[in-house]
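S.K.: Please find my_file.cif (mmCIF, C-alpha atoms) on the next line:
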data_run
loop_
_atom_site.label_atom_id
_atom_site.label_comp_id
_atom_site.auth_asym_id
_atom_site.auth_seq_id
_atom_site.Cartn_x
_atom_site.Cartn_y
_atom_site.Cartn_z
CA MET A 919 23.91 19.58 -75.00
CA ALA A 920 21.69 20.75 -72.18
CA THR A 921 21.91 24.41 -71.25
CA PHE A 922 22.32 25.60 -67.67
CA SER A 923 18.74 26.88 -67.56
CA THR A 924 17.39 23.51 -68.78
CA LEU A 925 19.36 21.69 -66.07
CA GLY A 926 18.00 24.03 -63.44
CA ALA A 927 14.42 23.46 -64.60
CA ARG A 928 14.79 19.65 -64.63
CA SER A 929 16.38 19.54 -61.20
CA ALA A 930 13.62 21.74 -59.81
CA ARG A 931 10.86 19.50 -61.26
CA LEU A 932 12.54 16.47 -59.65
CA GLY A 933 12.28 18.18 -56.30
CA CYS A 934 16.04 18.35 -55.77
CA SER A 935 17.42 20.34 -52.92
CA ALA A 936 19.14 23.72 -53.56
CA GLY A 937 22.57 22.17 -52.86
CA ILE A 938 22.15 19.49 -55.53
CA GLN A 939 20.90 22.05 -58.04
CA GLN A 940 24.02 24.20 -57.49
CA ARG A 941 26.31 21.19 -57.93
CA LEU A 942 24.66 20.35 -61.24
CA LEU A 943 25.03 23.89 -62.51
CA ALA A 944 28.68 23.91 -61.42
CA LEU A 945 29.55 21.07 -63.78
CA SER A 946 31.38 22.19 -66.92
CA PRO A 947 29.75 21.95 -70.34
CA ALA A 948 32.16 19.10 -71.17
CA SER A 949 30.52 17.00 -68.47
CA SER A 950 27.18 16.59 -70.27
CA LYS A 951 27.25 12.76 -69.95
CA GLN A 952 27.86 13.09 -66.22
CA ARG A 953 24.92 15.55 -65.90
CA THR A 954 22.62 13.21 -67.84
CA SER A 955 23.63 10.24 -65.62
CA VAL A 956 22.91 12.19 -62.44
CA ILE A 957 19.48 13.30 -63.68
CA SER A 958 18.57 9.72 -64.76
CA SER A 959 19.49 8.42 -61.30
CA LEU A 960 17.28 11.06 -59.70
CA LEU A 961 14.34 10.08 -61.93
CA ALA A 962 14.73 6.40 -61.02
CA ALA A 963 14.91 7.21 -57.31
CA ARG A 964 11.78 9.35 -57.52
CA ARG A 965 9.80 6.57 -59.25
CA LEU A 966 10.87 4.05 -56.59
CA ALA A 967 9.87 6.40 -53.76
CA SER A 968 6.46 7.10 -55.33
CA SER A 969 5.76 3.38 -55.81
CA SER A 970 6.72 2.58 -52.20
CA ALA A 971 4.49 5.36 -50.83
CA ALA A 972 1.52 4.17 -52.89
CA ASN A 973 1.95 0.59 -51.67
CA ASP A 974 2.15 1.76 -48.03
CA THR A 975 -1.03 3.81 -48.47
CA VAL A 976 -2.97 0.86 -49.92
CA ALA A 977 -1.75 -1.49 -47.21
CA GLY A 978 -2.63 0.98 -44.48
CA ALA A 979 -6.12 1.49 -45.87
CA SER A 980 -6.68 -2.26 -46.13
CA SER A 981 -5.48 -2.80 -42.56
CA THR A 982 -7.72 -0.01 -41.26
CA SER A 983 -10.71 -1.39 -43.14
CA SER A 984 -10.16 -4.90 -41.84
CA SER A 985 -9.62 -3.87 -38.22
CA GLY A 986 -12.56 -1.50 -38.31
CA ASN A 987 -15.14 -3.87 -39.74
CA GLU A 988 -14.09 -7.37 -38.70
CA ARG A 989 -15.22 -8.36 -35.19
CA GLU A 990 -13.23 -11.14 -33.65
CA PRO A 991 -15.65 -13.96 -32.67
CA SER A 992 -15.71 -14.95 -29.00
CA ALA A 993 -15.73 -18.65 -29.90
CA LYS A 994 -15.68 -21.08 -32.79
CA PRO A 995 -18.98 -21.82 -34.57
CA ILE A 996 -19.21 -25.29 -32.99
CA VAL A 997 -19.48 -23.60 -29.57
CA GLY A 998 -22.43 -21.59 -30.84
CA TRP A 999 -24.19 -24.72 -32.09
CA TRP A 1000 -23.48 -26.41 -28.76
CA TYR A 1001 -25.18 -23.53 -26.95
CA LEU A 1002 -28.23 -23.79 -29.21
CA PHE A 1003 -28.40 -27.57 -28.70
CA SER A 1004 -28.27 -27.09 -24.93
CA GLY A 1005 -31.03 -24.50 -25.23
CA SER A 1006 -33.22 -26.98 -27.12
CA LEU A 1007 -32.79 -29.45 -24.25
CA VAL A 1008 -33.90 -26.78 -21.78
CA PHE A 1009 -36.98 -26.14 -23.94
CA ALA A 1010 -37.72 -29.88 -23.82
CA ILE A 1011 -37.43 -30.07 -20.03
CA VAL A 1012 -39.74 -27.05 -19.62
CA ALA A 1013 -42.32 -28.79 -21.81
CA LEU A 1014 -41.92 -32.06 -19.89
CA GLY A 1015 -42.14 -30.18 -16.60
CA GLY A 1016 -45.46 -28.73 -17.70
CA VAL A 1017 -46.84 -32.20 -18.41
CA THR A 1018 -45.47 -33.44 -15.08
CA ARG A 1019 -47.30 -30.68 -13.23
CA LEU A 1020 -50.55 -31.07 -15.19
CA THR A 1021 -50.66 -34.82 -14.51
CA GLU A 1022 -49.94 -34.12 -10.81
CA SER A 1023 -46.82 -36.27 -10.98
CA GLY A 1024 -44.34 -33.86 -9.42
CA LEU A 1025 -44.70 -35.13 -5.84
CA SER A 1026 -44.43 -38.83 -6.69
CA ILE A 1027 -40.71 -39.03 -5.84
CA VAL A 1028 -40.29 -37.88 -2.26
CA GLU A 1029 -36.48 -38.05 -2.09
CA TRP A 1030 -33.66 -36.30 -3.91
CA ASN A 1031 -30.67 -38.56 -4.60
CA LEU A 1032 -28.41 -37.23 -7.35
CA ILE A 1033 -26.75 -40.59 -8.11
CA LYS A 1034 -28.97 -43.23 -6.53
CA GLY A 1035 -32.09 -41.61 -7.95
CA MET A 1036 -30.97 -42.34 -11.52
CA LYS A 1037 -32.12 -45.94 -11.24
CA PRO A 1038 -35.90 -46.46 -11.19
CA PRO A 1039 -37.49 -49.40 -9.34
CA THR A 1040 -37.30 -52.64 -11.32
CA SER A 1041 -38.64 -55.40 -9.09
CA GLN A 1042 -42.04 -55.71 -7.47
CA GLN A 1043 -40.47 -55.24 -4.05
CA GLU A 1044 -38.70 -52.03 -5.08
CA TRP A 1045 -41.94 -50.62 -6.50
CA GLU A 1046 -43.85 -51.41 -3.35
CA GLU A 1047 -41.16 -49.76 -1.23
CA GLU A 1048 -41.26 -46.62 -3.39
CA PHE A 1049 -45.06 -46.57 -3.25
CA GLU A 1050 -44.95 -46.92 0.52
CA LYS A 1051 -42.74 -43.84 0.77
CA TYR A 1052 -45.26 -41.87 -1.29
CA LYS A 1053 -48.10 -42.97 1.00
CA GLN A 1054 -46.49 -41.17 3.94
CA PHE A 1055 -47.07 -37.70 2.47
CA PRO A 1056 -50.12 -35.39 2.19
CA GLU A 1057 -50.82 -35.81 -1.53
CA TYR A 1058 -51.60 -39.50 -1.11
CA LYS A 1059 -53.47 -39.08 2.17
CA LEU A 1060 -55.63 -36.17 1.03
CA LEU A 1061 -56.09 -36.78 -2.70
CA ASN A 1062 -54.84 -40.14 -3.91
CA HIS A 1063 -55.67 -42.57 -1.14
CA HIS A 1064 -57.51 -44.76 -3.68
CA MET A 1065 -54.48 -44.93 -6.02
CA THR A 1066 -53.22 -48.35 -7.12
CA LEU A 1067 -49.60 -49.34 -7.69
CA ASN A 1068 -50.00 -49.23 -11.48
CA GLU A 1069 -51.42 -45.72 -11.29
CA PHE A 1070 -48.50 -44.72 -9.11
CA LYS A 1071 -46.05 -46.05 -11.69
CA SER A 1072 -47.47 -43.75 -14.37
CA ILE A 1073 -46.96 -40.56 -12.34
CA PHE A 1074 -43.59 -41.80 -11.05
CA TYR A 1075 -42.17 -42.15 -14.56
CA PHE A 1076 -43.13 -38.58 -15.51
CA GLU A 1077 -41.21 -37.15 -12.56
CA TRP A 1078 -38.30 -39.58 -13.03
CA ALA A 1079 -37.97 -38.64 -16.73
CA HIS A 1080 -38.03 -34.96 -15.80
CA ARG A 1081 -35.21 -35.41 -13.31
CA MET A 1082 -33.17 -37.59 -15.67
CA LEU A 1083 -33.42 -35.02 -18.44
CA GLY A 1084 -32.18 -32.41 -15.98
CA ARG A 1085 -29.13 -34.56 -15.21
CA PHE A 1086 -28.48 -35.05 -18.93
CA ILE A 1087 -28.63 -31.29 -19.54
CA GLY A 1088 -26.03 -30.73 -16.84
CA LEU A 1089 -23.64 -33.35 -18.22
CA SER A 1090 -24.14 -32.39 -21.86
CA PHE A 1091 -23.27 -28.79 -21.00
CA ILE A 1092 -20.38 -29.28 -18.59
CA ILE A 1093 -18.41 -31.99 -20.41
CA PRO A 1094 -18.34 -30.40 -23.91
CA GLY A 1095 -17.83 -26.98 -22.32
CA ALA A 1096 -14.73 -28.19 -20.48
CA PHE A 1097 -13.40 -29.69 -23.72
CA PHE A 1098 -13.97 -26.50 -25.72
CA ALA A 1099 -12.27 -24.43 -23.01
CA TYR A 1100 -9.30 -26.83 -22.93
CA LYS A 1101 -8.90 -26.64 -26.72
CA GLY A 1102 -8.93 -22.85 -26.61
CA TRP A 1103 -12.07 -22.57 -28.75
CA MET A 1104 -13.61 -19.98 -26.42
CA SER A 1105 -12.40 -16.53 -25.43
CA ARG A 1106 -11.87 -15.71 -21.76
CA SER A 1107 -15.19 -13.87 -21.57
CA MET A 1108 -17.03 -16.81 -23.12
CA LYS A 1109 -15.39 -19.20 -20.66
CA ILE A 1110 -16.71 -17.05 -17.81
CA ARG A 1111 -20.19 -17.00 -19.34
CA SER A 1112 -20.14 -20.78 -19.70
CA LEU A 1113 -19.10 -21.17 -16.06
CA VAL A 1114 -21.98 -18.90 -15.00
CA CYS A 1115 -24.41 -20.94 -17.08
CA ALA A 1116 -23.16 -24.24 -15.61
CA THR A 1117 -23.61 -22.78 -12.12
CA LEU A 1118 -27.18 -21.74 -12.95
CA ILE A 1119 -27.94 -25.27 -14.15
CA GLY A 1120 -26.70 -26.69 -10.85
CA CYS A 1121 -28.71 -24.15 -8.85
CA GLN A 1122 -31.78 -25.01 -10.92
CA GLY A 1123 -31.63 -28.61 -9.69
CA VAL A 1124 -31.49 -27.46 -6.07
CA LEU A 1125 -34.31 -25.01 -6.69
CA GLY A 1126 -36.42 -27.80 -8.19
CA TRP A 1127 -36.00 -29.93 -5.09
CA TYR A 1128 -37.02 -27.10 -2.77
CA MET A 1129 -40.11 -26.63 -4.94
CA VAL A 1130 -41.01 -30.32 -4.55
CA LYS A 1131 -40.25 -30.19 -0.85
CA SER A 1132 -42.78 -27.36 -0.41
CA GLY A 1133 -45.53 -29.77 -1.47
CA LEU A 1134 -44.42 -32.49 0.95
CA ASP A 1135 -44.95 -30.40 4.09
CA HIS A 1136 -46.85 -32.40 6.72
CA GLU A 1137 -48.39 -29.19 8.08
CA LEU A 1138 -50.81 -29.42 5.14
CA MET A 1139 -52.53 -32.24 7.03
CA GLU A 1140 -53.42 -29.81 9.84
CA THR A 1141 -54.61 -26.93 7.63
CA PRO A 1142 -58.37 -26.96 6.95
CA GLY A 1143 -59.14 -27.04 3.24
CA ALA A 1144 -55.48 -27.28 2.28
CA VAL A 1145 -54.58 -28.74 -1.10
CA PRO A 1146 -51.27 -30.67 -1.32
CA ARG A 1147 -49.39 -28.87 -4.07
CA VAL A 1148 -46.09 -27.08 -4.46
CA SER A 1149 -45.79 -23.42 -3.48
CA GLN A 1150 -46.62 -21.05 -6.33
CA TYR A 1151 -43.61 -18.96 -5.29
CA TRP A 1152 -41.19 -21.86 -5.69
CA LEU A 1153 -42.90 -22.88 -8.93
CA ALA A 1154 -42.52 -19.39 -10.39
CA ALA A 1155 -38.88 -19.26 -9.27
CA HIS A 1156 -38.17 -22.68 -10.79
CA LEU A 1157 -39.85 -21.82 -14.10
CA GLY A 1158 -38.31 -18.35 -14.21
CA SER A 1159 -34.85 -19.79 -13.64
CA ALA A 1160 -35.36 -22.26 -16.50
CA PHE A 1161 -36.42 -19.39 -18.76
CA VAL A 1162 -33.32 -17.37 -17.81
CA ILE A 1163 -31.01 -20.31 -18.54
CA TYR A 1164 -32.76 -20.89 -21.87
CA LEU A 1165 -32.45 -17.24 -22.90
CA PHE A 1166 -28.82 -17.16 -21.79
CA MET A 1167 -27.99 -20.17 -23.95
CA LEU A 1168 -29.84 -18.92 -27.01
CA SER A 1169 -28.44 -15.39 -26.87
CA ASN A 1170 -24.86 -16.70 -26.59
CA GLY A 1171 -25.38 -19.21 -29.38
CA PHE A 1172 -26.90 -16.60 -31.68
CA GLN A 1173 -24.11 -14.10 -30.95
CA ILE A 1174 -21.28 -16.57 -31.58
CA LEU A 1175 -22.70 -17.64 -34.93
CA ARG A 1176 -23.38 -14.05 -35.93
CA ASP A 1177 -19.85 -12.90 -35.08
CA ASN A 1178 -18.38 -15.70 -37.17
CA ARG A 1179 -20.65 -14.77 -40.05
CA LEU A 1180 -19.56 -11.12 -39.85
CA LYS A 1181 -15.93 -12.13 -40.43
CA SER A 1182 -16.80 -11.88 -44.11
CA LEU A 1183 -16.23 -8.22 -45.02
CA GLU A 1184 -18.89 -8.36 -47.73
CA VAL A 1185 -21.51 -9.67 -45.31
CA GLY A 1186 -20.35 -7.33 -42.55
CA PHE A 1187 -20.58 -4.15 -44.63
CA SER A 1188 -23.98 -4.94 -46.16
CA LEU A 1189 -25.60 -6.11 -42.90
CA LYS A 1190 -24.15 -3.24 -40.88
CA ALA A 1191 -25.59 -0.67 -43.26
CA ILE A 1192 -29.09 -2.15 -42.89
CA VAL A 1193 -29.14 -2.99 -39.18
CA ASN A 1194 -27.55 0.26 -37.98
CA ASN A 1195 -30.11 2.37 -39.83
CA PRO A 1196 -31.24 5.13 -37.40
CA GLN A 1197 -34.84 4.58 -38.53
CA LEU A 1198 -34.83 1.27 -36.62
CA ASN A 1199 -33.81 2.69 -33.23
CA SER A 1200 -37.36 3.16 -31.93
CA PHE A 1201 -38.46 -0.24 -33.25
CA ARG A 1202 -35.44 -1.85 -31.60
CA ARG A 1203 -36.34 -0.35 -28.21
CA ASN A 1204 -39.97 -1.43 -28.52
CA THR A 1205 -38.83 -4.99 -29.25
CA HIS A 1206 -37.09 -5.09 -25.86
CA ILE A 1207 -40.25 -3.83 -24.15
CA VAL A 1208 -42.32 -6.56 -25.79
CA ALA A 1209 -39.77 -9.17 -24.68
CA GLY A 1210 -40.18 -7.99 -21.09
CA LEU A 1211 -43.96 -8.23 -21.36
CA VAL A 1212 -43.78 -11.78 -22.73
CA PHE A 1213 -41.53 -12.85 -19.86
CA LEU A 1214 -43.73 -11.16 -17.24
CA THR A 1215 -46.88 -12.77 -18.66
CA ALA A 1216 -45.22 -16.20 -18.57
CA MET A 1217 -44.25 -15.70 -14.93
CA SER A 1218 -47.82 -14.73 -14.05
CA GLY A 1219 -48.87 -17.98 -15.73
CA ALA A 1220 -46.68 -19.83 -13.23
CA PHE A 1221 -48.79 -18.39 -10.40
CA VAL A 1222 -51.95 -19.44 -12.25
CA ALA A 1223 -50.58 -22.98 -12.46
CA GLY A 1224 -49.36 -23.05 -8.86
CA LEU A 1225 -52.76 -22.02 -7.49
CA ASP A 1226 -54.80 -24.07 -9.99
CA ALA A 1227 -56.41 -20.75 -10.90
CA GLY A 1228 -57.27 -22.06 -14.34
CA LEU A 1229 -59.96 -24.25 -12.81
CA ILE A 1230 -62.14 -21.27 -11.83
CA TYR A 1231 -64.01 -18.79 -14.05
CA ASN A 1232 -63.87 -21.13 -17.03
CA GLU A 1233 -65.34 -18.59 -19.39
CA TRP A 1234 -64.12 -15.87 -21.71
CA PRO A 1235 -64.01 -12.88 -22.02
CA THR A 1236 -65.97 -12.39 -18.80
CA MET A 1237 -65.25 -13.63 -15.27
CA GLY A 1238 -68.42 -14.45 -13.40
CA GLY A 1239 -70.55 -12.38 -15.74
CA GLY A 1240 -68.36 -9.28 -15.60
CA PHE A 1241 -64.98 -8.12 -16.80
CA VAL A 1242 -63.63 -7.98 -13.23
CA PRO A 1243 -64.39 -10.87 -10.81
CA SER A 1244 -66.41 -10.01 -7.73
CA ASP A 1245 -63.88 -11.66 -5.38
CA ILE A 1246 -60.82 -9.90 -6.75
CA TRP A 1247 -60.02 -8.42 -3.27
CA ALA A 1248 -61.37 -11.35 -1.25
CA HIS A 1249 -58.07 -12.28 0.46
CA SER A 1250 -57.27 -8.74 1.60
CA THR A 1251 -60.78 -7.77 2.72
CA ALA A 1252 -62.23 -8.74 6.10
CA SER A 1253 -65.45 -10.78 5.95
CA PRO A 1254 -67.26 -13.50 7.95
CA THR A 1255 -65.46 -16.12 5.87
CA ASN A 1256 -62.13 -14.25 6.05
CA PRO A 1257 -61.77 -12.78 9.56
CA ASN A 1258 -57.98 -12.41 9.18
CA PRO A 1259 -57.38 -10.68 5.83
CA LYS A 1260 -53.95 -10.90 4.24
CA ALA A 1261 -51.72 -8.03 3.20
CA PHE A 1262 -52.74 -6.16 0.07
CA TRP A 1263 -49.76 -7.36 -1.97
CA ARG A 1264 -50.37 -11.00 -1.02
CA ASN A 1265 -53.83 -10.81 -2.54
CA PHE A 1266 -52.19 -10.36 -5.95
CA LEU A 1267 -50.08 -13.50 -5.50
CA GLU A 1268 -52.32 -15.82 -3.47
CA ASN A 1269 -55.89 -15.09 -4.54
CA PRO A 1270 -56.68 -17.41 -7.51
CA ALA A 1271 -59.28 -15.01 -8.93
CA THR A 1272 -56.87 -12.06 -8.85
CA VAL A 1273 -54.01 -14.14 -10.25
CA GLN A 1274 -56.13 -15.27 -13.20
CA PHE A 1275 -57.37 -11.71 -13.79
CA ASP A 1276 -53.80 -10.39 -13.76
CA HIS A 1277 -52.71 -13.07 -16.22
CA ARG A 1278 -55.55 -12.12 -18.57
CA ILE A 1279 -54.68 -8.41 -18.42
CA LEU A 1280 -50.98 -9.06 -19.03
CA ALA A 1281 -51.88 -11.31 -21.97
CA TYR A 1282 -54.04 -8.57 -23.49
CA VAL A 1283 -51.29 -5.95 -23.07
CA THR A 1284 -48.65 -8.29 -24.49
CA PHE A 1285 -50.76 -9.16 -27.52
CA ALA A 1286 -51.48 -5.47 -28.10
CA GLY A 1287 -47.75 -4.73 -27.91
CA ILE A 1288 -46.91 -7.46 -30.42
CA SER A 1289 -49.65 -6.27 -32.78
CA SER A 1290 -48.39 -2.68 -32.55
CA LEU A 1291 -44.85 -3.88 -33.25
CA TRP A 1292 -46.06 -5.70 -36.35
CA PHE A 1293 -47.92 -2.65 -37.69
CA MET A 1294 -44.86 -0.49 -37.01
CA SER A 1295 -42.68 -2.89 -38.96
CA ARG A 1296 -44.77 -2.38 -42.11
CA ARG A 1297 -43.32 1.11 -42.55
CA LEU A 1298 -39.68 0.31 -41.84
CA PRO A 1299 -36.83 -1.04 -44.03
CA LEU A 1300 -36.20 -4.13 -41.90
CA PRO A 1301 -33.57 -6.74 -42.73
CA ARG A 1302 -35.00 -9.87 -44.30
CA GLY A 1303 -34.43 -11.93 -41.13
CA ALA A 1304 -36.15 -9.34 -38.95
CA ARG A 1305 -39.11 -9.18 -41.31
CA LEU A 1306 -39.55 -12.95 -41.07
CA ALA A 1307 -39.15 -12.85 -37.28
CA VAL A 1308 -41.77 -10.15 -36.69
CA ASN A 1309 -44.28 -11.93 -38.94
CA THR A 1310 -43.63 -15.19 -37.08
CA LEU A 1311 -44.02 -13.36 -33.76
CA LEU A 1312 -47.52 -12.21 -34.62
CA GLY A 1313 -48.51 -15.71 -35.77
CA VAL A 1314 -47.22 -17.36 -32.60
CA ALA A 1315 -48.95 -14.71 -30.48
CA VAL A 1316 -52.31 -15.46 -32.13
CA ALA A 1317 -51.79 -19.19 -31.54
CA GLN A 1318 -50.78 -18.61 -27.91
CA VAL A 1319 -53.85 -16.49 -27.14
CA SER A 1320 -56.07 -19.12 -28.77
CA LEU A 1321 -54.46 -21.89 -26.70
CA GLY A 1322 -54.93 -19.86 -23.51
CA ILE A 1323 -58.63 -19.34 -24.15
CA ALA A 1324 -59.11 -23.01 -25.06
CA THR A 1325 -57.25 -24.10 -21.91
CA LEU A 1326 -59.60 -22.01 -19.81
CA ILE A 1327 -62.99 -22.82 -21.33
CA TYR A 1328 -62.26 -26.58 -21.58
CA PHE A 1329 -61.19 -26.86 -17.90
CA VAL A 1330 -57.42 -27.24 -18.47
CA PRO A 1331 -57.09 -30.41 -20.59
CA VAL A 1332 -53.52 -31.70 -20.39
CA PRO A 1333 -52.62 -31.58 -24.14
CA ILE A 1334 -53.92 -28.02 -24.67
CA ALA A 1335 -52.56 -26.71 -21.37
CA ALA A 1336 -49.13 -28.24 -22.03
CA ALA A 1337 -49.10 -26.66 -25.50
CA HIS A 1338 -50.02 -23.32 -23.94
CA GLN A 1339 -47.11 -23.47 -21.50
CA SER A 1340 -44.68 -24.46 -24.27
CA GLY A 1341 -46.19 -21.69 -26.38
CA SER A 1342 -45.03 -19.07 -23.88
CA LEU A 1343 -41.43 -20.20 -24.31
CA THR A 1344 -41.89 -20.37 -28.08
CA LEU A 1345 -43.13 -16.79 -28.07
CA LEU A 1346 -40.12 -15.70 -26.03
CA THR A 1347 -37.84 -17.55 -28.45
CA VAL A 1348 -39.22 -15.65 -31.43
CA VAL A 1349 -38.86 -12.31 -29.61
CA LEU A 1350 -35.22 -13.15 -28.85
CA TRP A 1351 -34.69 -14.06 -32.50
CA LEU A 1352 -36.14 -10.70 -33.55
CA MET A 1353 -33.93 -8.85 -31.07
CA HIS A 1354 -30.90 -10.72 -32.40
CA THR A 1355 -31.60 -9.77 -36.03
CA LEU A 1356 -31.81 -6.11 -34.98
CA LYS A 1357 -28.78 -6.04 -32.67
CA TYR A 1358 -26.54 -3.06 -33.37
CA ILE A 1359 -23.29 -3.95 -35.14
CA LYS A 1360 -20.23 -2.06 -33.84
#
Can the structure in the file be given as structure tokens, please?

M.R.:
Amino acid sequence: MATFSTLGARSARLGCSAGIQQRLLALSPASSKQRTSVISSLLAARRLASSSAANDTVAGASSTSSSGNEREPSAKPIVGWWYLFSGSLVFAIVALGGVTRLTESGLSIVEWNLIKGMKPPTSQQEWEEEFEKYKQFPEYKLLNHHMTLNEFKSIFYFEWAHRMLGRFIGLSFIIPGAFFAYKGWMSRSMKIRSLVCATLIGCQGVLGWYMVKSGLDHELMETPGAVPRVSQYWLAAHLGSAFVIYLFMLSNGFQILRDNRLKSLEVGFSLKAIVNNPQLNSFRRNTHIVAGLVFLTAMSGAFVAGLDAGLIYNEWPTMGGGFVPSDIWAHSTASPTNPNPKAFWRNFLENPATVQFDHRILAYVTFAGISSLWFMSRRLPLPRGARLAVNTLLGVAVAQVSLGIATLIYFVPVPIAAAHQSGSLTLLTVVLWLMHTLKYIK
């Protein structure tokens, strides 16, 4: 039989209230079975409460861990692959556009018909009519007045293919995008981004036509020494817009696929620990600076192309026997051959010698930045993908510099010059890849 002191000790260990303890002590000694039953019930209740609290704690910790480390993707993986596919088409049209410019084919189609222009001439009469339209503009009259119909066909097809690929890019982006949005495979923010990208594609077509139109101006016939070519300003705007669309597509595609990959807690925890390392902060910032330099150098290359500045000073590393060309300020300095000098800033954008010099300097600075980035990476604990990207970046930079020098000293041969232009976009692609592998994980 349990004594009153034993009952008091047991009830206290069970955490009973003072009222329950007094009721137990009030029971008579003859009620030992009743006391034992009450204490057993209290023990069972305590075990049940402890088990429930433990389960709630585990569930709460699991929920907190999942919500804190799992980032909800903005779209399904197929949307990410669609963005990357669209980006590859933009890369292709940039490469084809470079060949079109280098073969002087861009002014062969003198009209812009979105639907009617999809069909090329097929009969002899249609070809002669198209050729006759071309003959009415400055490029034929000043440069190609000895051109035959067969020669015209070759430049026509380059420009026609370029325009057709542009139409295909628009359709292959808009139609699948509308389907993905309808199916609910994109978040609201991704739908807005896709709409912005589709708008940029449409504006790019209009921008391309205005670029072509700048080379069809009949005032060129009245300007002494004028060369019928598109404006370097429109060319730079057209190329820059294509680069922006390409980067927009790639960055969205990379981000969608990465977010879906991070849904795995194991991958998310391990990658987050490496990428968010504070030691990488300075390297991450320098990567963005290098990306800006690559883009700026590519845009300066558009001015070189627009002014045919690659056809002068075909030597390296000097320009006319010196590091700086003697006519670097020719357009902004008064002289017997230049009685009406242009504004200082226009000399940087319209003087072929200055434009080529600027492009060289930017290329040197960009290559130095990439090399410094590579040496910096040797001392840092980079993720495996970032290590591969920075090594690839240096290799592509070496190839791009080599192509640029070869383009210059061999008087701009089409294959090498086209590879050099595509190389600029390749270099930008690798920089974007590197930035993506280092992007901070929230």

S.K.: Given the file shown, determine the residues that the PyMOL selection byres ((chain A and resi 1271-1286) around 9) selects; report them as a PyMOL selection string.

M.R.: chain A and resi 1208-1209+1211-1212+1214-1219+1221-1222+1225+1227-1228+1230-1231+1237+1241-1248+1265-1270+1287-1291+1312+1315-1316+1319

S.K.: Can you work out the spacing between atom CA of A:Gly1095 and atom CA of A:Ser1112 in Å, to one decimal?

M.R.: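 Here the two named atoms are 7.1 Å from each other.
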
S.K.: Once you count only C-alpha atoms, what closest atom pair and distance in Å to one decimal does each residue of stretch 1198-1298 of chain A within 7 Å of stretch 1324-1336 of chain A have, with rows by chain and rising residue number, as JSON lines?

M.R.:
{"residue": "A:Gly1228", "atom": "CA", "partner": "A:Leu1326", "partner_atom": "CA", "distance": 5.9}
{"residue": "A:Leu1229", "atom": "CA", "partner": "A:Phe1329", "partner_atom": "CA", "distance": 5.9}
{"residue": "A:Asn1232", "atom": "CA", "partner": "A:Ile1327", "partner_atom": "CA", "distance": 4.7}
{"residue": "A:Glu1233", "atom": "CA", "partner": "A:Ile1327", "partner_atom": "CA", "distance": 5.2}

S.K.: Could you list, as a list in words, every residue within 10 Å of A:Ala1099, counting all atoms listed in the file and ignoring same-chain residues fewer than 6 positions away?

M.R.: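 That gives Ala993, Val997, Ser1105, Arg1106, Met1108, Lys1109 and Ser1112 of chain A.
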
S.K.: Compile the contact shell of A:Lys1071 as a list in words: residues with an atom at most 9 Å away, counting all atoms listed in the file, same-chain residues fewer than 3 positions apart removed.

M.R.: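 With the cut-off at 9 Å, the set is Ser1026, Trp1045, Phe1049, Thr1066, Leu1067, Asn1068, Phe1074, Tyr1075 and Phe1076 of chain A.
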
S.K.: Mind giving me the straight-line distance from atom CA of A:Leu1198 to atom CA of A:Phe1293 in Å, one decimal?

M.R.: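 That distance, rounded to one decimal, is 13.7 Å.
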